[in-house]
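Quick look at input-v9.txt (compact mmCIF, C-alpha atoms and all ligand atoms):
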# COMPACT_ATOMS: atom_id res chain seq x y z
CA MET A 1 -6.20 72.92 -4.18
CA ASN A 2 -3.13 74.05 -2.27
CA LEU A 3 -1.55 71.29 -0.23
CA THR A 4 1.46 70.76 2.00
CA LEU A 5 3.18 67.40 1.65
CA HIS A 6 5.50 65.77 4.17
CA VAL A 7 7.28 63.12 2.10
CA TRP A 8 9.72 60.42 3.25
CA ARG A 9 12.99 60.96 1.39
CA GLN A 10 15.75 58.36 1.62
CA LYS A 11 18.58 58.26 -0.91
CA SER A 12 19.25 54.52 -0.69
CA ALA A 13 18.60 51.42 1.38
CA LYS A 14 21.53 52.20 3.67
CA ALA A 15 20.95 55.97 3.97
CA THR A 16 19.05 57.55 6.84
CA GLY A 17 15.70 58.94 5.70
CA SER A 18 13.58 61.83 6.94
CA LEU A 19 10.34 63.65 6.15
CA VAL A 20 10.80 66.61 3.80
CA THR A 21 8.10 69.25 3.41
CA TYR A 22 6.96 70.41 -0.04
CA ALA A 23 4.33 72.95 -1.02
CA ALA A 24 1.97 71.53 -3.67
CA PRO A 25 -0.08 74.45 -5.04
CA ASP A 26 -2.65 74.34 -7.87
CA ILE A 27 -3.56 70.67 -7.60
CA SER A 28 -6.74 69.63 -9.42
CA PRO A 29 -9.23 67.63 -7.32
CA ASP A 30 -9.69 65.41 -10.41
CA MET A 31 -6.09 64.23 -10.30
CA SER A 32 -5.25 60.84 -8.88
CA PHE A 33 -2.87 60.79 -5.93
CA LEU A 34 -0.06 59.57 -8.21
CA GLU A 35 -0.81 62.28 -10.79
CA MET A 36 -0.47 64.79 -7.97
CA LEU A 37 2.97 63.31 -7.19
CA ASP A 38 3.82 63.46 -10.93
CA VAL A 39 3.13 67.21 -10.87
CA VAL A 40 5.25 67.66 -7.74
CA ASN A 41 8.05 65.70 -9.42
CA GLU A 42 7.88 67.75 -12.63
CA ARG A 43 8.28 70.87 -10.53
CA LEU A 44 11.21 69.34 -8.61
CA ILE A 45 12.91 68.34 -11.88
CA GLY A 46 12.31 71.87 -13.21
CA LYS A 47 14.20 73.21 -10.21
CA GLY A 48 17.04 70.73 -10.74
CA GLU A 49 16.09 68.67 -7.68
CA GLU A 50 15.83 64.89 -7.37
CA PRO A 51 12.24 63.69 -8.00
CA ILE A 52 10.45 61.57 -5.39
CA ALA A 53 10.79 57.84 -6.16
CA PHE A 54 7.54 55.88 -5.90
CA ASP A 55 6.28 52.60 -7.36
CA HIS A 56 3.47 52.42 -9.93
CA ASP A 57 2.56 50.51 -13.05
CA CYS A 58 -1.04 49.96 -14.21
CA ARG A 59 -2.59 52.91 -12.34
CA GLU A 60 -5.88 51.00 -12.68
CA GLY A 61 -5.97 49.21 -9.32
CA ILE A 62 -5.07 45.82 -10.76
CA CYS A 63 -1.30 45.26 -10.61
CA GLY A 64 -0.51 45.85 -6.93
CA THR A 65 2.61 47.89 -7.66
CA CYS A 66 1.57 51.15 -6.03
CA GLY A 67 1.36 51.51 -2.29
CA LEU A 68 1.90 54.43 0.04
CA MET A 69 1.15 55.16 3.67
CA ILE A 70 -0.99 58.29 3.40
CA ASN A 71 -1.52 60.05 6.72
CA GLY A 72 -0.66 56.75 8.41
CA VAL A 73 -3.18 54.65 6.47
CA ALA A 74 -2.09 52.11 3.86
CA HIS A 75 -3.46 53.29 0.48
CA GLY A 76 -5.04 56.34 2.15
CA PRO A 77 -8.49 57.25 3.40
CA GLU A 78 -10.81 55.53 0.88
CA ARG A 79 -11.89 51.94 1.58
CA ALA A 80 -11.21 49.27 -1.04
CA THR A 81 -9.09 51.69 -3.06
CA THR A 82 -5.48 51.45 -4.21
CA THR A 83 -3.23 54.50 -4.02
CA CYS A 84 -3.41 54.89 -7.81
CA GLN A 85 -7.21 54.96 -7.75
CA LEU A 86 -7.39 57.48 -4.91
CA HIS A 87 -8.34 60.96 -6.13
CA MET A 88 -7.46 64.33 -4.69
CA ARG A 89 -11.15 65.22 -4.26
CA HIS A 90 -11.03 63.10 -1.10
CA PHE A 91 -8.74 65.73 0.43
CA ARG A 92 -9.48 69.36 1.26
CA ASP A 93 -7.82 72.56 0.17
CA GLY A 94 -5.12 73.43 2.71
CA ASP A 95 -4.61 69.83 3.88
CA GLU A 96 -1.25 68.61 5.13
CA ILE A 97 -0.54 65.09 3.87
CA THR A 98 2.17 62.80 5.22
CA ILE A 99 3.41 60.25 2.66
CA GLU A 100 5.59 57.34 3.74
CA PRO A 101 6.66 53.95 2.36
CA TRP A 102 5.37 50.62 3.68
CA ARG A 103 7.09 50.03 7.02
CA ALA A 104 8.04 46.38 7.66
CA ASN A 105 11.37 44.59 8.21
CA ALA A 106 10.48 42.21 5.38
CA PHE A 107 9.93 45.17 3.01
CA PRO A 108 13.19 47.18 3.22
CA VAL A 109 13.13 50.67 1.74
CA ILE A 110 15.08 50.88 -1.52
CA LYS A 111 14.65 54.62 -2.11
CA ASP A 112 12.18 57.26 -0.90
CA LEU A 113 8.74 55.60 -1.11
CA VAL A 114 9.89 52.43 -2.91
CA VAL A 115 10.23 49.21 -0.91
CA ASP A 116 11.50 45.76 -1.89
CA ARG A 117 8.52 43.37 -1.93
CA GLY A 118 10.60 40.47 -3.26
CA ALA A 119 9.65 38.49 -0.13
CA PHE A 120 6.14 38.11 -1.60
CA ASP A 121 7.62 36.70 -4.82
CA ARG A 122 9.64 34.17 -2.84
CA ILE A 123 6.51 33.05 -0.95
CA ILE A 124 4.66 32.59 -4.26
CA ALA A 125 7.62 30.67 -5.71
CA ALA A 126 7.59 28.38 -2.67
CA GLY A 127 4.00 27.49 -3.55
CA GLY A 128 5.32 25.68 -6.60
CA PHE A 129 3.25 24.14 -9.37
CA ILE A 130 -0.11 22.43 -9.67
CA SER A 131 -0.44 18.96 -11.20
CA ALA A 132 -2.66 19.16 -14.27
CA SER A 133 -2.92 17.00 -17.35
CA THR A 134 -1.42 18.67 -20.36
CA GLY A 135 -2.43 18.09 -23.95
CA SER A 136 -5.39 19.47 -25.84
CA ALA A 137 -7.79 21.84 -24.10
CA PRO A 138 -10.32 19.93 -21.96
CA ASP A 139 -14.02 20.21 -22.74
CA ALA A 140 -15.88 22.78 -20.70
CA ASN A 141 -17.38 21.52 -17.45
CA THR A 142 -15.41 18.27 -17.39
CA ILE A 143 -14.24 19.22 -13.88
CA PRO A 144 -17.32 20.19 -11.86
CA VAL A 145 -16.62 22.98 -9.34
CA PRO A 146 -19.28 23.87 -6.75
CA LYS A 147 -20.38 27.47 -7.29
CA GLU A 148 -19.62 28.47 -3.70
CA ASN A 149 -16.02 27.21 -4.07
CA ALA A 150 -15.60 28.90 -7.45
CA ASP A 151 -16.85 32.21 -6.01
CA LYS A 152 -14.61 32.00 -2.93
CA ALA A 153 -11.56 31.01 -4.99
CA MET A 154 -12.23 34.01 -7.24
CA ASP A 155 -12.55 36.29 -4.20
CA ALA A 156 -9.15 35.06 -2.96
CA ALA A 157 -7.59 35.41 -6.41
CA ALA A 158 -8.49 39.12 -6.34
CA CYS A 159 -5.43 39.74 -4.13
CA ILE A 160 -3.03 41.94 -6.11
CA GLY A 161 -0.03 41.43 -3.82
CA CYS A 162 0.28 45.09 -2.92
CA GLY A 163 1.48 44.51 0.64
CA ALA A 164 -0.89 46.96 2.31
CA CYS A 165 -1.97 44.21 4.71
CA VAL A 166 1.63 43.87 5.95
CA ALA A 167 2.12 47.63 6.20
CA ALA A 168 -1.07 48.09 8.23
CA CYS A 169 -0.51 45.18 10.62
CA PRO A 170 1.21 46.09 13.93
CA ASN A 171 3.00 42.72 13.67
CA ALA A 172 3.84 43.20 9.96
CA SER A 173 2.17 39.87 9.34
CA ALA A 174 1.68 38.61 5.79
CA MET A 175 -1.05 36.16 6.76
CA LEU A 176 -3.81 37.80 4.69
CA PHE A 177 -1.72 37.78 1.52
CA VAL A 178 -0.49 34.21 2.00
CA ALA A 179 -3.95 32.98 2.99
CA ALA A 180 -5.44 34.49 -0.17
CA LYS A 181 -2.80 32.82 -2.35
CA VAL A 182 -3.22 29.48 -0.55
CA ALA A 183 -7.02 29.64 -0.84
CA HIS A 184 -7.37 30.44 -4.50
CA LEU A 185 -5.72 27.16 -5.49
CA GLY A 186 -6.66 25.15 -2.40
CA MET A 187 -10.38 25.57 -3.01
CA LEU A 188 -10.36 24.33 -6.60
CA PRO A 189 -10.09 20.69 -7.76
CA GLN A 190 -7.00 21.53 -9.84
CA GLY A 191 -5.19 22.67 -6.68
CA GLN A 192 -5.84 19.55 -4.60
CA PRO A 193 -2.80 17.32 -5.38
CA GLU A 194 -0.32 19.74 -3.76
CA ARG A 195 -2.78 21.42 -1.40
CA TYR A 196 -1.16 20.50 1.92
CA SER A 197 2.51 20.53 0.91
CA ARG A 198 1.91 23.94 -0.70
CA VAL A 199 0.56 25.57 2.46
CA VAL A 200 3.42 24.23 4.57
CA ARG A 201 6.06 25.48 2.13
CA MET A 202 4.49 28.92 1.74
CA VAL A 203 4.12 29.45 5.50
CA GLU A 204 7.71 28.30 6.09
CA VAL A 205 9.01 30.89 3.63
CA MET A 206 6.70 33.54 5.07
CA ASP A 207 8.29 32.95 8.49
CA GLU A 208 11.84 32.83 7.07
CA GLU A 209 11.29 36.21 5.37
CA GLY A 210 10.68 37.87 8.75
CA PHE A 211 6.97 38.63 8.64
CA GLY A 212 5.27 38.71 12.06
CA GLY A 213 2.54 36.44 13.39
CA CYS A 214 -1.19 37.11 13.11
CA THR A 215 -2.97 38.13 16.32
CA ASN A 216 -6.37 38.74 14.69
CA ILE A 217 -6.25 42.54 14.87
CA GLY A 218 -7.91 42.98 11.49
CA GLU A 219 -6.03 46.03 10.20
CA CYS A 220 -5.03 43.96 7.15
CA ALA A 221 -8.59 43.40 5.97
CA ALA A 222 -9.56 47.00 6.82
CA VAL A 223 -7.01 48.45 4.37
CA CYS A 224 -7.05 45.72 1.72
CA PRO A 225 -8.00 47.34 -1.59
CA LYS A 226 -9.53 44.05 -2.76
CA GLU A 227 -11.44 43.44 0.49
CA ILE A 228 -9.84 40.04 1.09
CA SER A 229 -11.60 38.54 4.10
CA MET A 230 -9.85 37.30 7.26
CA GLU A 231 -11.93 34.16 6.80
CA PHE A 232 -9.15 33.02 4.44
CA ILE A 233 -6.66 33.15 7.33
CA ALA A 234 -8.87 30.73 9.28
CA ARG A 235 -9.04 28.47 6.20
CA MET A 236 -5.24 28.53 5.87
CA ASN A 237 -4.79 27.66 9.54
CA ARG A 238 -7.16 24.70 9.07
CA ASP A 239 -5.11 23.50 6.08
CA LEU A 240 -1.92 23.86 8.12
CA LEU A 241 -3.46 21.79 10.92
CA VAL A 242 -4.53 19.08 8.48
CA ALA A 243 -1.03 19.15 6.95
CA SER A 244 0.53 18.62 10.39
CA VAL A 245 -1.74 15.63 11.05
CA LYS A 246 -1.11 14.14 7.61
CA GLY A 247 2.64 14.67 7.85
CA ARG A 248 4.58 17.64 6.55
CA ARG A 249 5.26 17.96 2.83
CA THR A 250 3.02 15.06 1.81
CA ASN A 251 -0.49 15.21 0.43
CA GLU A 252 -1.55 11.67 1.27
S1 LIG B 301 -4.43 40.68 0.82
FE1 LIG B 301 -5.14 42.72 0.11
S2 LIG B 301 -3.72 44.17 1.09
FE2 LIG B 301 -2.74 42.15 1.18
S3 LIG B 301 -1.48 41.97 -0.65
FE3 LIG B 301 -3.48 41.09 -1.19
S4 LIG B 301 -4.64 42.81 -2.06
FE4 LIG B 301 -2.90 43.75 -0.99
S1 LIG B 302 -0.38 51.04 -10.05
FE1 LIG B 302 -1.29 49.06 -10.41
S2 LIG B 302 -2.60 48.82 -8.67
FE2 LIG B 302 -1.84 50.85 -8.46
Please express the file's structure as structure tokens.
Ligand code: SF4
Ligand code: FES
Amino acid sequence: MNLTLHVWRQKSAKATGSLVTYAAPDISPDMSFLEMLDVVNERLIGKGEEPIAFDHDCREGICGTCGLMINGVAHGPERATTTCQLHMRHFRDGDEITIEPWRANAFPVIKDLVVDRGAFDRIIAAGGFISASTGSAPDANTIPVPKENADKAMDAAACIGCGACVAACPNASAMLFVAAKVAHLGMLPQGQPERYSRVVRMVEVMDEEGFGGCTNIGECAAVCPKEISMEFIARMNRDLLVASVKGRRTNE
């Protein structure tokens, strides 16, 4: 395949960025999107030019490190697919592809296509610990968990923290991410002691970090590679309401 790429290049957080056009000839349709960028970078290095900076780690769709706006869509054109699991066969010979970083005030660009998603780490840290007895391993099934709750908690825990939901949302809201993290502990017995204080703390930090509010547009769920449902946002709002009735930062 012969492609034309329009790639966001930005030397540093403070520099002004712009789209730079690169020809990408002889690309195999079997390559992943990131492998295609690897080839482009090898060619840039061969010419003595600065390679394109982009984030990646597992390249298996499980770590949440990769994330690019591809033709204006977070993670590109395939549903339920991370950038690293997107393959070039989903594009056509001769295509022009625009590649940009996540765009959100809370995710400042560090360089080229790399953004700082430390705000997500700070929200997770605000969630704190769970109270659980330590000691020897408990016998299996000593804490009964209804199957529906176990399944839903597992669905929520599938969130890989990639940030596509924020990048896709016109408000740059992090509600889908935070709701998934709140739900996966809040639905299990082990997560009950701190359930209400946890949601208040996490939402406070989410707001402090500059993410926007949710107006139920649904772009977040549409691009989420793990198909996290907006139902979790409704659950989180219910927990927040209960927390406000019970009194902030207490679980009684
Ligand atoms: S909710 Fe989905 S899009 Fe948002 S961070 Fe989690 S996996 Fe990524
Ligand atoms: S590099 Fe790990 S999910 Fe893409």
Long-range neighbours of Val145 in chain A as a ChimeraX atom specification, 12 Å cut-off, all atoms listed in the file, 5 positions minimum in chain: /A:140,150-153,187-191
All residues 12 Å or closer to Met230 in chain A, all atoms listed in the file, same chain fewer than 4 positions away omitted, as a list of chain:residue names: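 In the requested form, the answer reads A:Asp155, A:Ala156, A:Cys165, A:Ala174, A:Met175, A:Leu176, A:Phe177, A:Val178, A:Ala179, A:Ala180, A:Ala183, A:Cys214, A:Thr215, A:Asn216, A:Ile217, A:Gly218, A:Glu219, A:Cys220, A:Ala221, A:Ala222, A:Val223, A:Cys224, A:Ala234, A:Arg235, A:Met236, A:Asn237.
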Please build the interface table for chain A against ligand LIG 302 (chain B) with a cut-off of 8 Å, listing for each qualifying residue the nearest atom pair and the distance in Å to one decimal; count only C-alpha atoms and all ligand atoms, order rows by chain and increasing number, and write it as a tab-separated table.
residue	atom	partner	partner_atom	distance
A:Asp55	CA	B:LIG302	S1	7.4
A:His56	CA	B:LIG302	S1	4.1
A:Asp57	CA	B:LIG302	S1	4.2
A:Cys58	CA	B:LIG302	FE1	3.9
A:Arg59	CA	B:LIG302	S1	3.7
A:Glu60	CA	B:LIG302	FE1	5.5
A:Gly61	CA	B:LIG302	S2	3.5
A:Ile62	CA	B:LIG302	S2	4.4
A:Cys63	CA	B:LIG302	FE1	3.8
A:Gly64	CA	B:LIG302	S2	4.0
A:Thr65	CA	B:LIG302	FE1	4.9
A:Cys66	CA	B:LIG302	FE2	4.2
A:Gly67	CA	B:LIG302	FE2	7.0
A:Thr82	CA	B:LIG302	FE2	5.6
A:Thr83	CA	B:LIG302	FE2	5.9
A:Cys84	CA	B:LIG302	FE2	4.4
A:Gln85	CA	B:LIG302	FE2	6.8
A:Ile160	CA	B:LIG302	S2	7.4
A:Cys162	CA	B:LIG302	S2	7.4
Between CA of Leu3 in chain A and CA of Asp95 in chain A - distance in Å to one decimal: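 So the answer is 5.3 Å.
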For ligand LIG 301 (chain B), the nearest of the candidates A:Thr81, A:Thr98, A:Thr21, A:Ser133, counting all atoms listed in the file: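 Ranking A:Thr81, A:Thr98, A:Thr21, A:Ser133 by distance to ligand LIG 301 (chain B), first place goes to A:Thr81.
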Proximity to ligand LIG 301 (chain B) - best of A:Leu86, A:Ala80, A:Ile143, A:Met154, only C-alpha atoms and all ligand atoms: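 Closest to ligand LIG 301 (chain B), using only C-alpha atoms and all ligand atoms: A:Ala80.
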Might I get the box with edges along x, y and z of the file that holds all atoms of ligand LIG 301 (chain B) listed there, padded by 4 Å on every side, given as centre and edge lengths in Å to one decimal, as lines of an AutoDock Vina configuration file?
center_x = -3.3
center_y = 42.4
center_z = -0.4
size_x = 11.7
size_y = 11.5
size_z = 11.2
Two-atom distance - CA of Ile130 in chain A, CA of Lys226 in chain A (Å):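 Between CA of Ile130 in chain A and CA of Lys226 in chain A the gap works out to 24.6 Å.
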Distance criterion (only C-alpha atoms and all ligand atoms): nearest to ligand LIG 301 (chain B) out of A:Val115, A:Ala13, A:Ile124, A:Ala168: A:Ala168
Proximity to ligand LIG 301 (chain B) - best of A:Val7, A:Ala74, A:Val245, A:Leu19, only C-alpha atoms and all ligand atoms: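 Looking at the shortest contact to ligand LIG 301 (chain B), the residue is A:Ala74.
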Which residue of A:Asp116, A:Glu227, A:Glu49, A:Asp26 approaches ligand LIG 301 (chain B) most closely, using all atoms listed in the file: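 Closest candidate: A:Glu227.
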Neighbour residues at most 8 Å from (-10.6, 67.9, -8.7) (only C-alpha atoms) as a ChimeraX atom specification: /A:27-31,87-89
What lies within 12 Å of range 41-45 of chain A using all atoms listed in the file, ignoring chain neighbours under 3 positions off, as a CSV table (one decimal) with C-alpha atoms, keeping the file's coordinate frame?
chain,number,residue,atom,x,y,z
A,7,VAL,CA,7.3,63.1,2.1
A,22,TYR,CA,7.0,70.4,0.0
A,23,ALA,CA,4.3,73.0,-1.0
A,24,ALA,CA,2.0,71.5,-3.7
A,25,PRO,CA,-0.1,74.4,-5.0
A,26,ASP,CA,-2.6,74.3,-7.9
A,34,LEU,CA,-0.1,59.6,-8.2
A,35,GLU,CA,-0.8,62.3,-10.8
A,36,MET,CA,-0.5,64.8,-8.0
A,37,LEU,CA,3.0,63.3,-7.2
A,38,ASP,CA,3.8,63.5,-10.9
A,48,GLY,CA,17.0,70.7,-10.7
A,49,GLU,CA,16.1,68.7,-7.7
A,50,GLU,CA,15.8,64.9,-7.4
A,51,PRO,CA,12.2,63.7,-8.0
A,52,ILE,CA,10.4,61.6,-5.4
A,53,ALA,CA,10.8,57.8,-6.2
A,54,PHE,CA,7.5,55.9,-5.9
Best match for closeness to Val205 in chain A among A:Arg103, A:His6, A:Lys47, A:Arg122, counting all atoms listed in the file: A:Arg122
Interatomic distance, CA of Ser12 in chain A to CA of Val109 in chain A (Å, one decimal): 7.6 Å
Near-Gly128 in chain A list (12 Å; all atoms listed in the file; drop same-chain fewer than 6 positions) as a list in words: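 Surrounding residues, per the criterion: Asp121, Arg122, Lys181, Val182, Leu185, Gly191, Pro193, Glu194, Arg195, Tyr196, Ser197, Arg198, Val199, Val200, Arg201 and Met202 of chain A.
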Shell around Gly17 in chain A at 10 Å using all atoms listed in the file, local window under 3 positions removed, as a ChimeraX atom specification: /A:8-14,20,109,111-112
